[in-house]
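Heads up, structure.csv below (CSV, C-alpha atoms):
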```
chain,number,residue,atom,x,y,z
A,437,MET,CA,-0.9,18.8,23.8
A,438,THR,CA,-3.7,17.2,21.8
A,439,THR,CA,-3.1,15.3,18.6
A,440,THR,CA,-4.9,17.9,16.6
A,441,ALA,CA,-2.9,20.7,18.1
A,442,ALA,CA,0.4,18.8,17.5
A,443,LEU,CA,-0.5,18.2,13.9
A,444,ARG,CA,-1.4,21.9,13.4
A,445,GLN,CA,1.9,23.0,15.0
A,446,ARG,CA,3.8,20.4,13.0
A,447,PHE,CA,2.6,21.7,9.6
A,448,THR,CA,2.2,25.4,10.5
A,449,VAL,CA,4.8,27.4,8.6
A,450,PRO,CA,5.0,31.2,8.3
A,451,LEU,CA,3.4,32.4,5.1
A,452,THR,CA,6.5,34.1,3.9
A,453,LYS,CA,8.6,30.9,4.2
A,454,ARG,CA,6.4,28.8,2.0
A,455,PRO,CA,7.9,28.1,-1.4
A,456,ALA,CA,6.3,29.5,-4.5
A,457,ASP,CA,5.6,26.1,-6.0
A,458,VAL,CA,3.6,25.2,-2.9
A,459,TRP,CA,1.4,28.3,-3.4
A,460,VAL,CA,1.0,27.3,-7.1
A,461,ALA,CA,0.1,23.7,-6.2
A,462,ALA,CA,-2.5,24.9,-3.6
A,463,ALA,CA,-4.0,27.3,-6.1
A,464,VAL,CA,-4.3,24.5,-8.7
A,465,LEU,CA,-6.0,22.2,-6.2
A,466,ALA,CA,-8.3,25.0,-5.2
A,467,LEU,CA,-9.3,25.6,-8.8
A,468,ALA,CA,-9.8,21.8,-9.3
A,469,VAL,CA,-12.1,21.6,-6.2
A,470,LEU,CA,-14.1,24.7,-7.5
A,471,ALA,CA,-14.5,23.0,-10.9
A,472,ALA,CA,-15.7,19.8,-9.1
A,473,VAL,CA,-18.1,21.6,-6.7
A,474,GLY,CA,-19.4,24.3,-9.0
A,475,PRO,CA,-18.4,23.7,-12.6
A,476,ALA,CA,-21.0,26.1,-13.9
A,477,LEU,CA,-19.1,29.0,-12.2
A,478,ILE,CA,-16.2,28.3,-14.6
A,479,ALA,CA,-17.8,26.9,-17.7
A,480,SER,CA,-21.6,27.5,-17.9
A,481,GLY,CA,-22.1,25.5,-21.1
A,482,ASP,CA,-23.5,22.0,-21.4
A,483,PRO,CA,-20.7,19.4,-21.6
A,484,LEU,CA,-23.0,17.0,-23.4
A,485,GLN,CA,-24.2,19.4,-26.1
A,486,THR,CA,-23.1,18.2,-29.6
A,487,ASP,CA,-22.7,20.2,-32.8
A,488,LEU,CA,-21.4,18.1,-35.7
A,489,VAL,CA,-21.0,21.2,-37.8
A,490,ALA,CA,-18.4,22.5,-35.3
A,491,ALA,CA,-16.5,19.2,-34.9
A,492,HIS,CA,-12.7,19.3,-34.5
A,493,ARG,CA,-12.4,23.0,-34.4
A,494,PRO,CA,-9.1,24.2,-33.0
A,495,PRO,CA,-8.8,26.4,-29.9
A,496,SER,CA,-10.3,29.8,-30.4
A,497,VAL,CA,-12.0,32.6,-28.4
A,498,ALA,CA,-15.3,30.8,-28.7
A,499,HIS,CA,-13.8,27.4,-27.8
A,500,PRO,CA,-10.6,27.9,-25.7
A,501,PHE,CA,-9.7,24.2,-25.8
A,502,GLY,CA,-11.3,23.6,-29.2
A,503,THR,CA,-14.0,21.0,-29.9
A,504,ASP,CA,-14.1,17.2,-30.1
A,505,GLN,CA,-15.3,14.8,-32.8
A,506,LEU,CA,-18.9,15.6,-31.9
A,507,GLY,CA,-18.5,19.3,-31.7
A,508,ARG,CA,-18.6,19.4,-27.9
A,509,ASP,CA,-16.6,22.1,-26.2
A,510,VAL,CA,-13.5,20.5,-24.8
A,511,PHE,CA,-13.0,23.3,-22.1
A,512,THR,CA,-16.5,22.7,-20.8
A,513,ARG,CA,-16.0,19.0,-20.7
A,514,VAL,CA,-12.6,19.3,-18.9
A,515,VAL,CA,-14.1,21.6,-16.3
A,516,HIS,CA,-17.1,19.4,-15.7
A,517,GLY,CA,-14.9,16.2,-15.9
A,518,ALA,CA,-13.2,17.4,-12.7
A,519,ARG,CA,-16.2,16.3,-10.6
A,520,LEU,CA,-16.0,12.6,-11.5
A,521,SER,CA,-12.2,12.5,-11.6
A,522,LEU,CA,-11.8,14.0,-8.2
A,523,PHE,CA,-14.8,12.1,-6.7
A,524,ILE,CA,-13.2,8.8,-7.8
A,525,GLY,CA,-9.8,9.8,-6.5
A,526,VAL,CA,-11.0,11.1,-3.1
A,527,SER,CA,-13.4,8.3,-2.6
A,528,ALA,CA,-10.8,5.6,-3.4
A,529,THR,CA,-8.3,7.3,-1.1
A,530,ALA,CA,-10.8,7.5,1.7
A,531,LEU,CA,-11.6,3.8,1.3
A,532,ALA,CA,-7.9,2.9,1.2
A,533,VAL,CA,-7.3,4.9,4.4
A,534,LEU,CA,-10.2,3.2,6.2
A,535,ILE,CA,-9.0,-0.3,5.2
A,536,GLY,CA,-5.3,0.5,5.7
A,537,VAL,CA,-5.7,2.2,9.1
A,538,THR,CA,-7.9,-0.7,10.4
A,539,LEU,CA,-5.6,-3.5,9.3
A,540,GLY,CA,-2.4,-1.6,10.2
A,541,LEU,CA,-3.7,-0.9,13.7
A,542,VAL,CA,-4.7,-4.5,14.2
A,543,ALA,CA,-1.3,-5.7,13.0
A,544,GLY,CA,0.5,-3.1,15.2
A,545,VAL,CA,-1.2,-4.0,18.5
A,546,GLY,CA,-1.8,-7.7,17.8
A,547,THR,CA,0.3,-10.7,18.8
A,548,GLY,CA,3.4,-11.8,17.0
A,549,VAL,CA,1.4,-14.3,14.9
A,550,VAL,CA,-1.2,-11.7,13.9
A,551,ASP,CA,1.5,-9.2,13.1
A,552,ALA,CA,3.5,-11.7,11.0
A,553,ILE,CA,0.5,-12.8,9.0
A,554,ALA,CA,-0.6,-9.2,8.4
A,555,SER,CA,2.9,-8.0,7.5
A,556,ARG,CA,3.4,-10.8,4.9
A,557,THR,CA,0.0,-10.0,3.4
A,558,PHE,CA,0.9,-6.3,3.1
A,559,ASP,CA,4.2,-7.2,1.5
A,560,LEU,CA,2.6,-9.6,-0.9
A,561,LEU,CA,0.0,-7.1,-2.1
A,562,GLY,CA,2.5,-4.3,-2.1
A,563,ALA,CA,4.8,-6.2,-4.5
A,564,PHE,CA,2.3,-5.6,-7.3
A,565,PRO,CA,1.9,-2.1,-8.8
A,566,GLU,CA,-1.3,-0.6,-7.6
A,567,ILE,CA,-2.7,0.0,-11.1
A,568,LEU,CA,-2.1,-3.7,-11.9
A,569,LEU,CA,-3.8,-4.9,-8.7
A,570,ALA,CA,-6.7,-2.6,-9.3
A,571,LEU,CA,-7.0,-3.9,-12.9
A,572,VAL,CA,-7.2,-7.4,-11.6
A,573,LEU,CA,-9.8,-6.6,-9.0
A,574,ILE,CA,-12.0,-4.6,-11.4
A,575,THR,CA,-11.9,-7.5,-13.9
A,576,PHE,CA,-13.8,-9.6,-11.3
A,577,THR,CA,-16.1,-6.9,-10.0
A,578,GLY,CA,-17.0,-5.4,-13.4
A,579,THR,CA,-16.9,-1.9,-14.8
A,580,GLY,CA,-18.5,1.3,-13.5
A,581,THR,CA,-17.7,4.1,-11.1
A,582,PRO,CA,-18.5,2.3,-7.8
A,583,ASN,CA,-16.4,-0.7,-8.8
A,584,LEU,CA,-13.6,1.5,-9.9
A,585,VAL,CA,-13.6,3.2,-6.5
A,586,VAL,CA,-13.5,-0.1,-4.7
A,587,ALA,CA,-10.8,-1.6,-6.9
A,588,ILE,CA,-8.5,1.5,-6.5
A,589,GLY,CA,-9.2,1.7,-2.8
A,590,ILE,CA,-8.4,-1.9,-2.1
A,591,ALA,CA,-5.2,-1.7,-4.2
A,592,ALA,CA,-4.0,1.3,-2.4
A,593,ALA,CA,-4.8,0.1,1.1
A,594,PRO,CA,-1.5,-1.9,1.7
A,595,ARG,CA,0.5,1.4,1.5
A,596,PHE,CA,-1.5,2.9,4.3
A,597,ALA,CA,-1.5,-0.3,6.3
A,598,ARG,CA,2.3,-0.5,6.3
A,599,VAL,CA,2.6,3.1,7.5
A,600,MET,CA,-0.1,2.6,10.1
A,601,ARG,CA,1.5,-0.6,11.4
A,602,ALA,CA,5.0,1.0,11.7
A,603,GLU,CA,3.5,4.1,13.5
A,604,THR,CA,1.4,1.9,15.8
A,605,ARG,CA,4.4,-0.2,16.9
A,606,ALA,CA,6.5,2.9,17.5
A,607,VAL,CA,3.8,4.5,19.7
A,608,ARG,CA,3.0,1.2,21.4
A,609,GLY,CA,6.6,1.0,22.7
A,610,SER,CA,6.6,4.6,24.0
A,611,GLU,CA,6.8,5.6,27.7
A,612,TYR,CA,3.4,7.3,27.9
A,613,VAL,CA,1.6,4.2,26.6
A,614,ALA,CA,3.4,2.1,29.2
A,615,GLN,CA,2.4,4.6,31.9
A,616,ALA,CA,-1.2,4.5,30.6
A,617,GLY,CA,-1.1,0.7,30.9
A,618,LEU,CA,-0.2,1.1,34.6
A,619,LEU,CA,-3.2,3.4,35.2
A,620,THR,CA,-5.8,1.3,33.4
A,621,ARG,CA,-6.4,-2.3,32.6
A,622,SER,CA,-8.6,-1.7,29.6
A,623,ARG,CA,-6.5,-2.4,26.5
A,624,PRO,CA,-9.2,-1.1,24.1
A,625,ARG,CA,-9.2,2.2,26.0
A,626,ILE,CA,-5.4,2.5,25.6
A,627,VAL,CA,-5.6,1.8,21.9
A,628,VAL,CA,-8.4,4.3,21.3
A,629,ARG,CA,-7.2,7.1,23.5
A,630,HIS,CA,-3.4,6.8,23.3
A,631,ILE,CA,-2.2,4.6,20.5
A,632,LEU,CA,-4.5,5.5,17.6
A,633,PRO,CA,-4.4,9.3,17.8
A,634,ASN,CA,-0.7,9.4,17.9
A,635,ALA,CA,-0.2,6.7,15.3
A,636,LEU,CA,-2.2,8.9,12.8
A,637,ARG,CA,0.2,11.8,13.0
A,638,SER,CA,2.0,11.0,9.7
A,639,LEU,CA,-1.1,9.9,7.8
A,640,PRO,CA,-1.9,13.3,6.3
A,641,VAL,CA,1.4,13.2,4.3
A,642,VAL,CA,0.7,9.7,2.9
A,643,VAL,CA,-2.9,10.7,2.1
A,644,THR,CA,-1.9,13.7,0.2
A,645,LEU,CA,0.6,11.7,-1.9
A,646,GLY,CA,-1.9,8.8,-2.3
A,647,LEU,CA,-4.6,11.1,-3.6
A,648,GLY,CA,-2.6,11.9,-6.7
A,649,THR,CA,-1.9,8.3,-7.3
A,650,SER,CA,-5.6,7.4,-7.0
A,651,ILE,CA,-6.6,10.2,-9.5
A,652,LEU,CA,-4.0,8.9,-11.9
A,653,GLY,CA,-5.0,5.3,-11.5
A,654,ALA,CA,-8.7,6.2,-12.0
A,655,ALA,CA,-7.8,8.1,-15.2
A,656,ALA,CA,-5.8,5.1,-16.5
A,657,LEU,CA,-8.5,2.6,-15.8
A,658,SER,CA,-11.1,4.9,-17.3
A,659,PHE,CA,-9.0,5.1,-20.4
A,660,LEU,CA,-9.0,1.3,-20.6
A,661,GLY,CA,-12.8,1.4,-20.4
A,662,PHE,CA,-13.4,0.3,-16.8
A,663,GLY,CA,-14.7,3.7,-15.5
A,664,PRO,CA,-17.6,6.0,-16.3
A,665,LYS,CA,-19.0,5.5,-19.8
A,666,PRO,CA,-19.2,8.2,-22.5
A,667,PRO,CA,-20.6,10.7,-22.9
A,668,GLU,CA,-20.2,11.4,-19.2
A,669,PRO,CA,-17.3,13.8,-18.9
A,670,GLU,CA,-14.3,12.3,-17.1
A,671,TRP,CA,-10.7,13.0,-17.9
A,672,GLY,CA,-9.7,9.4,-18.5
A,673,SER,CA,-12.7,8.5,-20.6
A,674,MET,CA,-12.2,11.7,-22.6
A,675,LEU,CA,-8.7,10.6,-23.5
A,676,ALA,CA,-10.1,7.2,-24.5
A,677,GLU,CA,-12.6,8.9,-26.8
A,678,ALA,CA,-10.1,11.2,-28.4
A,679,HIS,CA,-6.9,9.2,-28.7
A,680,GLY,CA,-7.7,8.2,-32.3
A,681,ASP,CA,-8.0,11.9,-33.2
A,682,LEU,CA,-4.5,12.9,-32.0
A,683,ARG,CA,-3.1,13.6,-35.5
A,684,ILE,CA,-6.0,15.7,-36.7
A,685,ALA,CA,-7.2,17.3,-33.4
A,686,TRP,CA,-4.3,17.3,-30.8
A,687,TRP,CA,-6.3,19.5,-28.4
A,688,THR,CA,-8.8,16.8,-27.7
A,689,VAL,CA,-6.1,14.8,-26.1
A,690,VAL,CA,-3.7,17.4,-24.8
A,691,PHE,CA,-6.0,19.3,-22.5
A,692,PRO,CA,-7.7,16.4,-20.6
A,693,GLY,CA,-4.2,14.9,-20.2
A,694,ALA,CA,-2.8,18.2,-19.0
A,695,ALA,CA,-5.6,18.5,-16.4
A,696,ILE,CA,-4.7,15.0,-15.0
A,697,THR,CA,-1.0,15.9,-15.0
A,698,VAL,CA,-1.3,19.3,-13.3
A,699,VAL,CA,-3.6,18.0,-10.6
A,700,VAL,CA,-1.4,15.0,-9.8
A,701,LEU,CA,1.7,17.2,-9.8
A,702,ALA,CA,0.0,19.6,-7.4
A,703,THR,CA,-0.9,16.8,-4.9
A,704,THR,CA,2.7,15.5,-5.2
A,705,VAL,CA,4.2,18.9,-4.5
A,706,LEU,CA,2.0,19.5,-1.4
A,707,GLY,CA,2.6,15.9,-0.2
A,708,ARG,CA,6.3,16.2,-0.4
A,709,TYR,CA,6.3,19.6,1.2
A,710,ALA,CA,4.2,18.3,4.1
A,711,GLY,CA,6.6,15.3,4.3
A,712,HIS,CA,9.6,17.6,4.6
A,713,ARG,CA,8.0,19.7,7.2
A,714,PHE,CA,7.0,16.5,9.1
A,715,GLU,CA,10.6,15.2,9.1
A,716,ARG,CA,12.0,18.5,10.1
A,717,ARG,CA,9.6,18.8,13.1
A,718,ALA,CA,10.3,15.2,14.1
A,719,GLN,CA,14.0,15.8,14.3
A,720,PRO,CA,15.2,16.3,17.9
```
Could I get this file's structure written as structure tokens?
Amino acid sequence: MTTTAALRQRFTVPLTKRPADVWVAAAVLALAVLAAVGPALIASGDPLQTDLVAAHRPPSVAHPFGTDQLGRDVFTRVVHGARLSLFIGVSATALAVLIGVTLGLVAGVGTGVVDAIASRTFDLLGAFPEILLALVLITFTGTGTPNLVVAIGIAAAPRFARVMRAETRAVRGSEYVAQAGLLTRSRPRIVVRHILPNALRSLPVVVTLGLGTSILGAAALSFLGFGPKPPEPEWGSMLAEAHGDLRIAWWTVVFPGAAITVVVLATTVLGRYAGHRFERRAQP
């Protein structure tokens, strides 16, 4: 059975047996992706259009999420803000996976000295909270979306590296890898064809959980001023712009914060569900 087929079988569950919260989480993520890909389909207005006369208006039929201090429609900005927020989260996660898989694979198939050095490095970096490590990194690289993606990606990489190293060492000691070693003398061929595909089997679970962490980290750093600059709509920067208006216009803070919370919760629900299914399938 190929790796793709094994993963499909591992995570395939009859539709009637999937919990309701999983369906809700999937619907939330689908809506967030739609908002990121085609925001005009949900909110056709201009997220940058200002109207000082309409500033700080509460939620109404005309403005479901109210307006901010410049009279901009908060609903439109939240919908259009999904594009940058998800882009940063997905890009940072992809970078973290690329770095983590590469380093974890090298550590898993390397000699004892290489593995020891890599493992201690992973442990050292993993001892710091990801958001703190990303904050330190972005302090040196500077602000902006590209630097934010790089900082979050590097900070999250040790998590994927540890998982990849553990899976690689487990696969490396299996019987079919030993048999493959008897049939060919090419070590790179064994790594690419036998070790790597099987070591990646648990990665989708970690990636799903890591995506929510990256989105949350991006919002937090944007709130501190290290991400996209106003007036560009992004959930974290929207919170930074509106936090001083919480007492007089609570909706300018609550709705962007709710968007972050709901999306992160949705990724967590799906990640934990995938993890439970993976553990159940892995049991003999």
Counting only C-alpha atoms, I want the residues whose atoms come within 10 Å of (-14.4, 3.6, -9.6) in the file frame, returned as a PyMOL selection string. chain A and resi 520-521+523-525+527-528+570+574+579-589+650+653-655+657-658+662-664
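The two atoms in question, atom CA of A:Lys665 and atom CA of A:Val469, are spaced 22.2 Å apart.
Closest approach to A:Arg513 from the set A:Leu484, A:Ile590, A:Leu675, A:Leu645 is made by A:Leu484, with distances taken over all atoms listed in the file.
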Write out as a list in words each polymer residue whose atoms come within 9 Å of A:Pro475, counting all atoms listed in the file; drop sequence neighbours fewer than 4 positions from it. Leu470, Ala471, Ala479, Ser480, Thr512, Val515, His516, Gly517, Ala518 and Arg519 of chain A
Kindly save the residues from that selection, with C-alpha atoms included, as a PDB file, keeping the file's coordinate frame.
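part_4.pdb was written with the following content:
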```pdb
ATOM      1  CA  LEU A 470     -14.100  24.700  -7.500  1.00  0.00           C
ATOM      2  CA  ALA A 471     -14.500  23.000 -10.900  1.00  0.00           C
ATOM      3  CA  ALA A 479     -17.800  26.900 -17.700  1.00  0.00           C
ATOM      4  CA  SER A 480     -21.600  27.500 -17.900  1.00  0.00           C
ATOM      5  CA  THR A 512     -16.500  22.700 -20.800  1.00  0.00           C
ATOM      6  CA  VAL A 515     -14.100  21.600 -16.300  1.00  0.00           C
ATOM      7  CA  HIS A 516     -17.100  19.400 -15.700  1.00  0.00           C
ATOM      8  CA  GLY A 517     -14.900  16.200 -15.900  1.00  0.00           C
ATOM      9  CA  ALA A 518     -13.200  17.400 -12.700  1.00  0.00           C
ATOM     10  CA  ARG A 519     -16.200  16.300 -10.600  1.00  0.00           C
TER      11      ARG A 519
END
```
Which protein, DNA or RNA residues are at most 7 Å from (-24.9, 17.5, -31.4) in the file's coordinates when you count all atoms listed in the file, listed as a PDB file with C-alpha atoms, in the frame of the given file?
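File selection_9.pdb, as written:
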```pdb
ATOM      1  CA  GLN A 485     -24.200  19.400 -26.100  1.00  0.00           C
ATOM      2  CA  THR A 486     -23.100  18.200 -29.600  1.00  0.00           C
ATOM      3  CA  ASP A 487     -22.700  20.200 -32.800  1.00  0.00           C
ATOM      4  CA  LEU A 488     -21.400  18.100 -35.700  1.00  0.00           C
ATOM      5  CA  LEU A 506     -18.900  15.600 -31.900  1.00  0.00           C
ATOM      6  CA  GLY A 507     -18.500  19.300 -31.700  1.00  0.00           C
TER       7      GLY A 507
END
```
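Using only C-alpha atoms, the shortest contact distance between A:Val510 and any of A:Gly711, A:Gly481, A:Gly536, A:Gly562 is found at A:Gly481.
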Residue with smallest distance to A:Gly578 - pool A:Pro483, A:Phe511, A:Leu636, A:Gly661, counting only C-alpha atoms: A:Gly661
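By chain and then residue number, the residues within 10 Å of A:Val460 are A:Ala466, A:Ala702, A:Val705, A:Leu706, counting all atoms listed in the file and disregarding those fewer than 6 positions away in sequence.
For the choices A:Val473, A:Val627, A:Leu701, A:Leu531, the atom-to-atom distance to A:Gly546 is smallest for A:Val627 when using all atoms listed in the file.
Distance-wise, atom CA of A:Val690 and atom CA of A:Met674 end up 10.5 Å apart.
As for atom CA of A:Phe714 and atom CA of A:Val642, they are spaced 11.2 Å apart.
Counting all atoms listed in the file, the residue from A:Gly540, A:Gly693, A:Pro500, A:Gly548 that sits nearest to A:Ala635 is A:Gly540.
Restricting the calculation to all atoms listed in the file, the smallest distance between A:Ser638 and any of A:Val537, A:Val599, A:Ala554, A:Val700 is found for A:Val599.
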